[in-house]
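Here's upload.tsv, which has TSV, C-alpha atoms and all ligand atoms:
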```tsv
chain	number	residue	atom	x	y	z
A	1	MET	CA	82.74	-190.51	30.12
A	2	ALA	CA	81.92	-186.88	30.97
A	3	LYS	CA	78.58	-185.61	29.69
A	4	ILE	CA	78.83	-181.98	28.67
A	5	ALA	CA	76.03	-179.59	27.67
A	6	PHE	CA	77.18	-176.87	25.26
A	7	PHE	CA	75.34	-173.54	25.40
A	8	SER	CA	75.37	-170.67	22.88
A	9	THR	CA	76.34	-173.23	20.26
A	10	GLN	CA	77.12	-171.91	16.80
A	11	SER	CA	77.63	-174.00	13.66
A	12	TYR	CA	81.40	-173.67	13.99
A	13	ASP	CA	81.30	-175.04	17.57
A	14	ARG	CA	79.60	-178.17	16.28
A	15	ARG	CA	82.04	-178.38	13.38
A	16	PHE	CA	85.05	-178.26	15.70
A	17	PHE	CA	83.75	-180.30	18.66
A	18	GLU	CA	81.55	-182.93	17.03
A	19	ASN	CA	83.24	-186.29	16.54
A	20	VAL	CA	86.55	-185.17	18.07
A	21	SER	CA	86.22	-187.16	21.24
A	22	GLU	CA	85.14	-190.68	21.97
A	23	GLN	CA	85.76	-190.10	25.67
A	24	HIS	CA	83.06	-187.48	26.19
A	25	GLN	CA	79.42	-187.14	25.30
A	26	PHE	CA	78.27	-183.75	24.04
A	27	GLU	CA	74.87	-182.19	23.53
A	28	PHE	CA	74.60	-178.84	21.78
A	29	PHE	CA	72.07	-176.18	22.75
A	30	GLU	CA	71.79	-172.96	20.77
A	31	THR	CA	70.28	-171.03	23.65
A	32	ARG	CA	72.40	-169.06	26.10
A	33	LEU	CA	72.87	-170.42	29.61
A	34	LYS	CA	70.82	-168.29	32.00
A	35	LYS	CA	68.25	-168.61	34.74
A	36	ASN	CA	65.48	-169.76	32.39
A	37	THR	CA	67.56	-172.32	30.49
A	38	VAL	CA	69.72	-173.83	33.23
A	39	LYS	CA	67.33	-176.81	33.56
A	40	LEU	CA	68.66	-178.08	30.22
A	41	ALA	CA	71.89	-178.95	32.03
A	42	ASN	CA	70.13	-181.58	34.15
A	43	GLY	CA	71.82	-184.96	33.80
A	44	PHE	CA	75.12	-183.52	32.58
A	45	ASP	CA	78.45	-183.39	34.43
A	46	GLY	CA	79.44	-180.02	33.08
A	47	VAL	CA	78.42	-177.09	30.91
A	48	CYS	CA	80.50	-175.48	28.18
A	49	VAL	CA	79.73	-171.79	27.68
A	50	PHE	CA	80.84	-168.66	25.84
A	51	VAL	CA	81.16	-164.91	26.45
A	52	ASN	CA	77.48	-163.98	26.79
A	53	ASP	CA	76.18	-166.88	28.88
A	54	ARG	CA	75.09	-165.63	32.29
A	55	VAL	CA	76.76	-167.81	34.88
A	56	ASN	CA	75.55	-165.89	37.92
A	57	ARG	CA	74.85	-167.01	41.50
A	58	GLU	CA	71.35	-168.28	40.68
A	59	VAL	CA	72.56	-170.34	37.73
A	60	LEU	CA	75.50	-171.76	39.70
A	61	LYS	CA	73.21	-172.76	42.58
A	62	ALA	CA	70.90	-174.55	40.13
A	63	LEU	CA	73.87	-176.26	38.42
A	64	SER	CA	75.21	-177.46	41.74
A	65	GLU	CA	71.81	-178.79	42.81
A	66	MET	CA	71.71	-180.82	39.57
A	67	ASP	CA	75.24	-182.08	40.35
A	68	VAL	CA	76.75	-180.22	37.39
A	69	LYS	CA	80.22	-179.47	38.68
A	70	LEU	CA	82.08	-177.89	35.75
A	71	VAL	CA	81.75	-174.61	33.89
A	72	ALA	CA	84.14	-174.75	30.93
A	73	LEU	CA	84.48	-171.43	29.12
A	74	ARG	CA	85.32	-171.52	25.41
A	75	CYS	CA	86.98	-168.12	25.86
A	76	ALA	CA	89.60	-166.29	27.93
A	77	GLY	CA	87.46	-163.65	29.71
A	78	PHE	CA	85.45	-164.90	32.70
A	79	ASN	CA	83.65	-161.70	33.74
A	80	ASN	CA	80.30	-163.45	33.13
A	81	VAL	CA	80.95	-166.03	35.88
A	82	ASP	CA	80.35	-165.35	39.58
A	83	LEU	CA	83.52	-167.00	40.87
A	84	LYS	CA	82.63	-166.56	44.52
A	85	ALA	CA	79.31	-168.36	44.02
A	86	ALA	CA	81.08	-171.08	41.98
A	87	GLU	CA	83.46	-171.70	44.86
A	88	GLU	CA	80.61	-171.76	47.41
A	89	HIS	CA	78.69	-174.29	45.31
A	90	GLY	CA	81.71	-176.46	44.54
A	91	VAL	CA	81.62	-175.82	40.78
A	92	ARG	CA	85.00	-175.78	39.00
A	93	VAL	CA	85.52	-173.04	36.41
A	94	MET	CA	88.00	-173.54	33.59
A	95	ARG	CA	88.77	-171.37	30.59
A	96	VAL	CA	90.98	-171.12	27.52
A	97	PRO	CA	93.48	-168.53	28.70
A	98	ALA	CA	95.32	-167.87	25.44
A	99	TYR	CA	94.10	-169.44	22.23
A	100	SER	CA	95.56	-166.85	19.92
A	101	PRO	CA	96.34	-163.38	21.25
A	102	GLU	CA	97.48	-162.52	17.71
A	103	ALA	CA	93.96	-163.14	16.32
A	104	VAL	CA	92.48	-160.36	18.48
A	105	ALA	CA	95.51	-158.08	18.09
A	106	GLU	CA	95.42	-158.41	14.30
A	107	HIS	CA	91.69	-157.69	14.29
A	108	ALA	CA	92.26	-154.54	16.35
A	109	MET	CA	94.84	-153.39	13.81
A	110	ALA	CA	92.50	-154.29	10.92
A	111	LEU	CA	89.83	-152.03	12.46
A	112	ILE	CA	92.35	-149.21	12.89
A	113	MET	CA	93.59	-149.53	9.31
A	114	THR	CA	90.03	-149.58	7.98
A	115	LEU	CA	89.10	-146.37	9.79
A	116	ALA	CA	92.46	-144.73	9.03
A	117	ARG	CA	92.19	-145.36	5.27
A	118	LYS	CA	88.39	-145.62	4.89
A	119	THR	CA	88.66	-148.90	3.01
A	120	HIS	CA	85.12	-149.85	4.11
A	121	LYS	CA	83.86	-146.89	2.08
A	122	ALA	CA	86.26	-147.41	-0.82
A	123	TYR	CA	85.13	-151.02	-1.17
A	124	ASN	CA	81.47	-150.03	-1.63
A	125	ARG	CA	82.31	-147.09	-3.86
A	126	VAL	CA	84.37	-149.07	-6.32
A	127	ARG	CA	81.72	-151.80	-6.54
A	128	GLU	CA	79.27	-149.13	-7.65
A	129	GLY	CA	81.65	-147.85	-10.31
A	130	ASN	CA	82.59	-144.74	-8.32
A	131	PHE	CA	86.36	-144.38	-8.64
A	132	SER	CA	86.54	-140.91	-7.10
A	133	LEU	CA	88.88	-140.33	-4.13
A	134	ASP	CA	86.83	-137.43	-2.85
A	135	LYS	CA	86.57	-137.51	1.00
A	136	LEU	CA	88.71	-140.64	1.28
A	137	THR	CA	91.79	-138.86	2.65
A	138	GLY	CA	93.30	-141.03	5.38
A	139	PHE	CA	96.21	-140.78	7.77
A	140	ASN	CA	99.46	-142.69	8.28
A	141	ILE	CA	99.80	-144.97	11.28
A	142	HIS	CA	103.57	-144.59	11.01
A	143	GLY	CA	104.66	-141.85	13.39
A	144	ARG	CA	101.34	-141.73	15.27
A	145	THR	CA	101.09	-142.32	19.00
A	146	ILE	CA	99.15	-145.44	19.90
A	147	GLY	CA	98.02	-145.84	23.51
A	148	VAL	CA	97.47	-149.34	24.86
A	149	VAL	CA	95.48	-149.96	28.04
A	150	GLY	CA	96.35	-153.42	29.36
A	151	THR	CA	99.59	-155.00	28.21
A	152	GLY	CA	98.81	-158.67	28.81
A	153	LYS	CA	98.91	-161.31	26.10
A	154	ILE	CA	96.72	-159.50	23.56
A	155	GLY	CA	98.09	-156.04	24.42
A	156	GLN	CA	101.64	-157.29	23.86
A	157	ALA	CA	100.77	-158.94	20.52
A	158	PHE	CA	99.12	-155.67	19.49
A	159	ILE	CA	102.15	-153.61	20.57
A	160	ARG	CA	104.47	-155.74	18.42
A	161	ILE	CA	102.25	-155.07	15.40
A	162	ALA	CA	102.03	-151.35	16.21
A	163	ARG	CA	105.83	-151.09	16.57
A	164	GLY	CA	106.14	-152.81	13.19
A	165	PHE	CA	104.11	-149.96	11.71
A	166	GLY	CA	106.59	-147.44	13.12
A	167	ALA	CA	104.12	-146.02	15.65
A	168	ARG	CA	105.16	-144.62	19.01
A	169	VAL	CA	103.54	-146.80	21.68
A	170	ILE	CA	102.57	-145.57	25.13
A	171	ALA	CA	100.82	-147.82	27.62
A	172	TYR	CA	99.03	-148.06	30.92
A	173	ASP	CA	99.01	-151.21	33.03
A	174	LYS	CA	99.35	-151.74	36.76
A	175	TYR	CA	102.10	-154.23	35.96
A	176	PRO	CA	104.48	-152.85	33.31
A	177	VAL	CA	106.19	-155.52	31.21
A	178	LYS	CA	110.03	-155.21	30.89
A	179	GLU	CA	110.05	-156.87	27.47
A	180	MET	CA	107.66	-154.21	26.15
A	181	GLU	CA	109.83	-151.43	27.59
A	182	LYS	CA	112.75	-152.95	25.67
A	183	LEU	CA	110.59	-152.68	22.53
A	184	GLY	CA	110.37	-148.95	23.19
A	185	VAL	CA	107.00	-148.80	24.95
A	186	GLU	CA	106.68	-145.95	27.46
A	187	TYR	CA	104.49	-146.73	30.46
A	188	LEU	CA	102.58	-143.64	31.59
A	189	SER	CA	99.63	-142.89	33.88
A	190	PHE	CA	96.14	-143.63	32.54
A	191	ASP	CA	95.42	-139.91	32.16
A	192	GLU	CA	98.68	-139.33	30.28
A	193	VAL	CA	97.85	-142.17	27.90
A	194	LEU	CA	94.40	-140.64	27.31
A	195	ALA	CA	95.84	-137.18	26.65
A	196	ASN	CA	98.62	-138.26	24.29
A	197	SER	CA	97.18	-141.06	22.14
A	198	ASP	CA	96.11	-140.55	18.54
A	199	ILE	CA	94.71	-144.07	18.71
A	200	LEU	CA	93.67	-145.64	22.02
A	201	SER	CA	93.26	-149.42	22.09
A	202	LEU	CA	91.73	-151.21	25.09
A	203	HIS	CA	93.13	-154.62	26.04
A	204	CYS	CA	92.37	-154.91	29.75
A	205	PRO	CA	89.78	-157.30	31.19
A	206	LEU	CA	86.35	-156.28	32.45
A	207	THR	CA	86.39	-156.15	36.25
A	208	PRO	CA	84.47	-154.00	38.76
A	209	ASP	CA	87.44	-151.56	38.49
A	210	THR	CA	87.38	-151.30	34.71
A	211	LYS	CA	83.60	-151.07	34.12
A	212	HIS	CA	83.04	-147.82	32.19
A	213	LEU	CA	86.75	-147.04	32.25
A	214	ILE	CA	85.88	-144.87	29.27
A	215	ASN	CA	83.13	-142.57	30.53
A	216	SER	CA	82.26	-138.90	30.11
A	217	ALA	CA	85.08	-137.83	32.48
A	218	SER	CA	87.80	-139.91	30.78
A	219	LEU	CA	86.49	-138.96	27.33
A	220	GLU	CA	87.09	-135.31	28.19
A	221	LYS	CA	90.75	-136.19	28.85
A	222	ILE	CA	91.15	-138.02	25.53
A	223	LYS	CA	93.03	-136.07	22.88
A	224	LYS	CA	90.61	-134.31	20.53
A	225	GLY	CA	90.17	-136.24	17.31
A	226	ALA	CA	91.57	-139.51	18.69
A	227	MET	CA	90.38	-142.93	17.57
A	228	LEU	CA	89.04	-145.25	20.28
A	229	VAL	CA	89.30	-149.00	19.69
A	230	ASN	CA	87.63	-151.59	21.90
A	231	THR	CA	88.19	-155.28	21.16
A	232	SER	CA	88.12	-156.28	24.83
A	233	ARG	CA	84.71	-156.16	26.53
A	234	GLY	CA	81.75	-153.88	25.79
A	235	LYS	CA	81.20	-152.69	29.34
A	236	LEU	CA	84.66	-151.06	29.45
A	237	VAL	CA	83.00	-148.23	27.55
A	238	ASP	CA	79.99	-146.10	28.50
A	239	THR	CA	78.40	-146.11	25.04
A	240	ALA	CA	76.04	-143.19	25.71
A	241	ALA	CA	79.02	-141.02	26.72
A	242	VAL	CA	80.93	-142.09	23.61
A	243	ILE	CA	77.98	-141.11	21.40
A	244	GLU	CA	77.90	-137.66	23.01
A	245	SER	CA	81.65	-137.26	22.47
A	246	LEU	CA	81.32	-138.25	18.79
A	247	LYS	CA	78.39	-135.85	18.35
A	248	ASN	CA	80.45	-133.04	19.92
A	249	ASP	CA	83.32	-133.75	17.49
A	250	HIS	CA	85.66	-134.53	20.38
A	251	LEU	CA	86.24	-138.23	19.80
A	252	GLY	CA	87.46	-138.54	16.21
A	253	SER	CA	86.36	-142.09	15.45
A	254	LEU	CA	85.38	-145.35	17.09
A	255	ALA	CA	86.00	-149.01	16.29
A	256	ILE	CA	84.32	-151.66	18.41
A	257	ASP	CA	84.28	-155.44	18.25
A	258	VAL	CA	82.38	-155.61	21.53
A	259	TYR	CA	79.33	-153.73	22.80
A	260	GLU	CA	77.75	-153.20	26.22
A	261	GLU	CA	74.45	-154.81	25.23
A	262	GLU	CA	75.87	-157.28	22.73
A	263	GLU	CA	74.25	-160.32	24.32
A	264	LYS	CA	70.90	-159.32	22.78
A	265	LEU	CA	72.40	-158.85	19.31
A	266	PHE	CA	75.68	-160.51	18.52
A	267	PHE	CA	76.22	-164.01	17.11
A	268	ARG	CA	72.77	-163.94	15.46
A	269	ASP	CA	71.34	-163.02	12.05
A	270	LEU	CA	68.84	-160.25	12.79
A	271	SER	CA	68.82	-158.90	9.24
A	272	GLU	CA	65.08	-159.46	8.78
A	273	LEU	CA	64.14	-158.00	12.17
A	274	ILE	CA	63.79	-154.50	13.59
A	275	ILE	CA	66.80	-153.52	15.73
A	276	ARG	CA	65.20	-152.33	18.95
A	277	ASP	CA	68.45	-151.20	20.56
A	278	ASP	CA	68.47	-147.46	19.77
A	279	THR	CA	72.02	-147.03	21.05
A	280	ILE	CA	73.65	-149.37	18.57
A	281	ALA	CA	71.29	-148.09	15.88
A	282	ARG	CA	72.63	-144.57	16.54
A	283	LEU	CA	76.22	-145.82	16.46
A	284	MET	CA	75.59	-147.52	13.12
A	285	LEU	CA	74.66	-144.14	11.61
A	286	PHE	CA	78.00	-142.42	12.27
A	287	PRO	CA	80.31	-142.35	9.25
A	288	ASN	CA	83.33	-142.57	11.57
A	289	VAL	CA	82.22	-145.64	13.55
A	290	LEU	CA	83.13	-149.20	12.62
A	291	ILE	CA	81.41	-152.13	14.33
A	292	THR	CA	82.18	-155.83	14.13
A	293	ALA	CA	80.23	-158.42	16.11
A	294	HIS	CA	82.81	-159.94	18.48
A	295	GLN	CA	84.87	-161.60	15.77
A	296	GLY	CA	88.34	-160.73	17.08
A	297	PHE	CA	88.89	-164.31	18.20
A	298	PHE	CA	87.39	-165.83	15.07
A	299	THR	CA	90.19	-167.48	13.11
A	300	ASN	CA	90.77	-171.14	12.29
A	301	GLU	CA	93.88	-171.11	14.46
A	302	SER	CA	91.91	-169.82	17.46
A	303	LEU	CA	89.06	-172.30	17.01
A	304	GLN	CA	91.51	-175.20	16.82
A	305	GLU	CA	93.23	-174.05	19.99
A	306	ILE	CA	89.93	-173.42	21.81
A	307	THR	CA	88.86	-176.99	20.94
A	308	ARG	CA	92.19	-178.52	22.02
A	309	THR	CA	92.32	-176.68	25.36
A	310	THR	CA	88.63	-177.23	26.14
A	311	LEU	CA	89.00	-180.99	25.56
A	312	GLN	CA	92.03	-180.92	27.88
A	313	ASN	CA	89.90	-179.08	30.47
A	314	PHE	CA	87.16	-181.76	30.24
A	315	GLU	CA	89.82	-184.42	30.70
A	316	ASP	CA	91.39	-182.73	33.74
A	317	PHE	CA	87.94	-182.26	35.28
A	318	GLU	CA	87.02	-185.90	34.74
A	319	GLN	CA	90.31	-187.14	36.20
A	320	GLY	CA	90.06	-184.69	39.13
A	321	ARG	CA	93.42	-183.19	38.13
A	322	GLU	CA	94.55	-179.66	38.93
A	323	SER	CA	94.62	-177.37	35.91
A	324	GLU	CA	96.45	-174.19	35.08
A	325	ASN	CA	93.33	-173.17	33.15
A	326	GLU	CA	91.22	-173.08	36.30
A	327	VAL	CA	89.92	-169.71	37.51
A	328	SER	CA	88.88	-169.36	41.12
A	329	CYS	CA	88.81	-166.74	43.85
A	330	LYS	CA	91.61	-168.59	45.61
A	331	LEU	CA	93.89	-168.59	42.55
A	332	LEU	CA	93.12	-165.02	41.52
A	333	LYS	CA	93.06	-163.66	45.08
A	334	ASN	CA	90.54	-161.00	44.04
A	335	CYS	CA	86.95	-162.08	44.50
A	401	LIG	P1	95.64	-160.86	30.04
A	401	LIG	O1	95.12	-161.31	31.36
A	401	LIG	O2	96.81	-161.56	29.44
A	401	LIG	O3	96.01	-159.30	30.12
A	401	LIG	C1	95.21	-158.33	30.71
A	401	LIG	C2	96.11	-157.18	31.14
A	401	LIG	O4	95.28	-156.11	31.60
A	401	LIG	C3	97.06	-157.53	32.28
A	401	LIG	O5	98.37	-157.12	31.96
A	401	LIG	C4	96.52	-156.73	33.47
A	401	LIG	O6	97.54	-156.31	34.39
A	401	LIG	C5	95.90	-155.54	32.76
A	401	LIG	N1	94.91	-154.83	33.55
A	401	LIG	C6	94.04	-155.29	34.48
A	401	LIG	N2	93.33	-154.29	34.99
A	401	LIG	C7	93.76	-153.16	34.38
A	401	LIG	C8	93.41	-151.78	34.49
A	401	LIG	N3	92.48	-151.37	35.35
A	401	LIG	N4	94.06	-150.89	33.70
A	401	LIG	C9	95.01	-151.31	32.83
A	401	LIG	N5	95.39	-152.59	32.70
A	401	LIG	C10	94.77	-153.49	33.46
A	401	LIG	O7	94.39	-160.90	29.07
A	401	LIG	P2	94.41	-161.01	27.47
A	401	LIG	O8	94.49	-162.44	27.05
A	401	LIG	O9	95.39	-160.02	26.93
A	401	LIG	O10	92.92	-160.52	27.12
A	401	LIG	C11	92.46	-159.22	27.42
A	401	LIG	C12	90.96	-159.15	27.22
A	401	LIG	O11	90.65	-159.28	25.83
A	401	LIG	C13	90.17	-160.30	27.86
A	401	LIG	O12	89.90	-160.04	29.24
A	401	LIG	C14	88.89	-160.31	27.06
A	401	LIG	O13	87.96	-159.46	27.69
A	401	LIG	C15	89.30	-159.69	25.72
A	401	LIG	N6	89.19	-160.65	24.60
A	401	LIG	C16	88.44	-160.30	23.50
A	401	LIG	C17	88.33	-161.18	22.43
A	401	LIG	C18	87.53	-160.84	21.19
A	401	LIG	O14	87.19	-161.74	20.42
A	401	LIG	N7	87.25	-159.59	20.91
A	401	LIG	C19	88.96	-162.43	22.49
A	401	LIG	C20	89.73	-162.74	23.61
A	401	LIG	C21	89.83	-161.85	24.67
```
Go ahead and express the file in the form of structure tokens.
Amino acid sequence: MAKIAFFSTQSYDRRFFENVSEQHQFEFFETRLKKNTVKLANGFDGVCVFVNDRVNREVLKALSEMDVKLVALRCAGFNNVDLKAAEEHGVRVMRVPAYSPEAVAEHAMALIMTLARKTHKAYNRVREGNFSLDKLTGFNIHGRTIGVVGTGKIGQAFIRIARGFGARVIAYDKYPVKEMEKLGVEYLSFDEVLANSDILSLHCPLTPDTKHLINSASLEKIKKGAMLVNTSRGKLVDTAAVIESLKNDHLGSLAIDVYEEEEKLFFRDLSELIIRDDTIARLMLFPNVLITAHQGFFTNESLQEITRTTLQNFEDFEQGRESENEVSCKLLKNC
């Protein structure tokens, strides 16, 4: 029976994981896994973590010293895990590679449609008895050029939706996908995608190469008035540079489901507290900025799949079996 300590537990994690397995023993901690909390994992075989847990070298060393030999991610991205240190300390890292690419892709399109038609404003207006259409003029997605950066599982699901809208889709990825080309997607250079997109949607992972992919230099190359959409990872975007671009009326609008400093804010109710992060506070003031708190993945279908795959990962770890959900320097060849 594997003993697993869950970190960053939310009510829905308990709801999905509690009582689903007689083979494993779970304990749920609400705190994030980090240097100061790693001691809680003492006596467990593995830890189960999410996007904002900090699984760095120090934490992995401590886990290994306590004989905790599994880090199971309840997500696809693994940028918060030091894979090299995991390998050195003999800790296996497993993830849920694809629980529902459509969930994130549909959320990205929901953000785009909201900004394009200002439904977030219309909703509030109508509730207050204001039925005026003044300043609610939107734009059609049909016929627009949508640029996609990263055409993996989520990027491809997003492209299918965008093509369904009748948008022209251009894309940048180091590895163009034939099936997408057959759907009419034109692969171009990164700069060409920036210059030609009316809507630019980011779907690549966060790596040392992609940190601040959108910075002041790339923002200058973005078509004036374009909409930037980030449902991937906050650090892909230099938020301060984006704020400047919005203030200068260059970037037309921004939709984000992820934020550089989200670990101090997201997944918590801070409604009775003072927001001390002036950057997000500034972003919240723009009329053309839409923020959601990392909910792209958050559908019943995704949560069911995350639970199923994570239980499978626990099982494979316990049995010492190889797993296609394992991430390691050796498998990725890029640590
Ligand atoms: P994936 O591995 O299937 O696809 C990633 C694609 O990005 C690949 O095609 C890869 O070649 C490409 N890529 C890598 N580096 C690139 C670069 N420098 N420029 C352009 N393309 C590059 O991953 P996925 O399942 O599609 O997920 C993408 C990302 O979405 C994840 O890494 C994660 O950060 C994010 N995500 C967000 C949520 C959410 O709730 N908002 C949920 C799941 C995943």
Which protein, DNA or RNA residues have an atom within 6 Å of ligand LIG 401 (chain A), counting only C-alpha atoms and all ligand atoms, as a JSON list (two decimals) with C-alpha atoms, keeping the file's coordinate frame?
```json
[["chain", "number", "residue", "atom", "x", "y", "z"],
["A", 76, "ALA", "CA", 89.60, -166.29, 27.93],
["A", 77, "GLY", "CA", 87.46, -163.65, 29.71],
["A", 98, "ALA", "CA", 95.32, -167.87, 25.44],
["A", 104, "VAL", "CA", 92.48, -160.36, 18.48],
["A", 149, "VAL", "CA", 95.48, -149.96, 28.04],
["A", 150, "GLY", "CA", 96.35, -153.42, 29.36],
["A", 151, "THR", "CA", 99.59, -155.00, 28.21],
["A", 152, "GLY", "CA", 98.81, -158.67, 28.81],
["A", 153, "LYS", "CA", 98.91, -161.31, 26.10],
["A", 154, "ILE", "CA", 96.72, -159.50, 23.56],
["A", 155, "GLY", "CA", 98.09, -156.04, 24.42],
["A", 172, "TYR", "CA", 99.03, -148.06, 30.92],
["A", 173, "ASP", "CA", 99.01, -151.21, 33.03],
["A", 174, "LYS", "CA", 99.35, -151.74, 36.76],
["A", 175, "TYR", "CA", 102.10, -154.23, 35.96],
["A", 203, "HIS", "CA", 93.13, -154.62, 26.04],
["A", 204, "CYS", "CA", 92.37, -154.91, 29.75],
["A", 205, "PRO", "CA", 89.78, -157.30, 31.19],
["A", 206, "LEU", "CA", 86.35, -156.28, 32.45],
["A", 209, "ASP", "CA", 87.44, -151.56, 38.49],
["A", 210, "THR", "CA", 87.38, -151.30, 34.71],
["A", 231, "THR", "CA", 88.19, -155.28, 21.16],
["A", 232, "SER", "CA", 88.12, -156.28, 24.83],
["A", 233, "ARG", "CA", 84.71, -156.16, 26.53],
["A", 257, "ASP", "CA", 84.28, -155.44, 18.25],
["A", 294, "HIS", "CA", 82.81, -159.94, 18.48],
["A", 295, "GLN", "CA", 84.87, -161.60, 15.77],
["A", 296, "GLY", "CA", 88.34, -160.73, 17.08],
["A", 297, "PHE", "CA", 88.89, -164.31, 18.20]]
```
Distance query range 56-61 of chain A at most 8 Å, all atoms listed in the file, self and fewer than 4 positions along chain excluded, as a list in words: Lys34, Lys35, Val38, Glu65, Asn80, Val81, Asp82, Ala85, Ala86, His89 and Val91 of chain A
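Residue nearest Cys75 in chain A within the list A:Glu324, A:Asp53, A:Asp277, A:Glu87: A:Asp53 [criterion: smallest interatomic distance, all atoms listed in the file].
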Shell around range 181-190 of chain A at 9 Å using only C-alpha atoms, local window under 3 positions removed, as a PyMOL selection string: chain A and resi 149+159-160+163+168-173+176-178+193-195
Proximity to His107 in chain A - best of A:Phe158, A:Phe131, A:Phe17, A:Phe139, only C-alpha atoms: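 Looking at the shortest contact to His107 in chain A, the residue is A:Phe158.
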Contacts of Leu136 in chain A at 10 Å (all atoms listed in the file; same-chain gap of 6+ positions) as JSON, numbers by chain: {"A": [116, 117, 118, 119, 121, 122]}
Write the residues you've just listed into a file as a PDB file, keeping the file's coordinate frame, and include C-alpha atoms for each of them.
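This went into out.pdb:
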```pdb
ATOM      1  CA  ALA A 116      92.460-144.730   9.030  1.00  0.00           C
ATOM      2  CA  ARG A 117      92.190-145.360   5.270  1.00  0.00           C
ATOM      3  CA  LYS A 118      88.390-145.620   4.890  1.00  0.00           C
ATOM      4  CA  THR A 119      88.660-148.900   3.010  1.00  0.00           C
ATOM      5  CA  LYS A 121      83.860-146.890   2.080  1.00  0.00           C
ATOM      6  CA  ALA A 122      86.260-147.410  -0.820  1.00  0.00           C
TER       7      ALA A 122
END
```
Distance in Å - CA of Val289 in chain A versus CA of Leu254 in chain A: 4.8 Å
Top pick for closest residue to Val229 in chain A, considering A:Ala157, A:Ala293, A:Val148, A:Leu283 and counting all atoms listed in the file: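 Comparing A:Ala157, A:Ala293, A:Val148, A:Leu283 against Val229 in chain A, the winner is A:Val148.
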Å distance separating CA of Thr307 in chain A from CA of Phe16 in chain A, one decimal place: 6.6 Å
Distance criterion (only C-alpha atoms): nearest to Lys235 in chain A out of A:Asn325, A:Thr37, A:Ser201, A:Thr207: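 Smallest separation from Lys235 in chain A among the options: A:Thr207.
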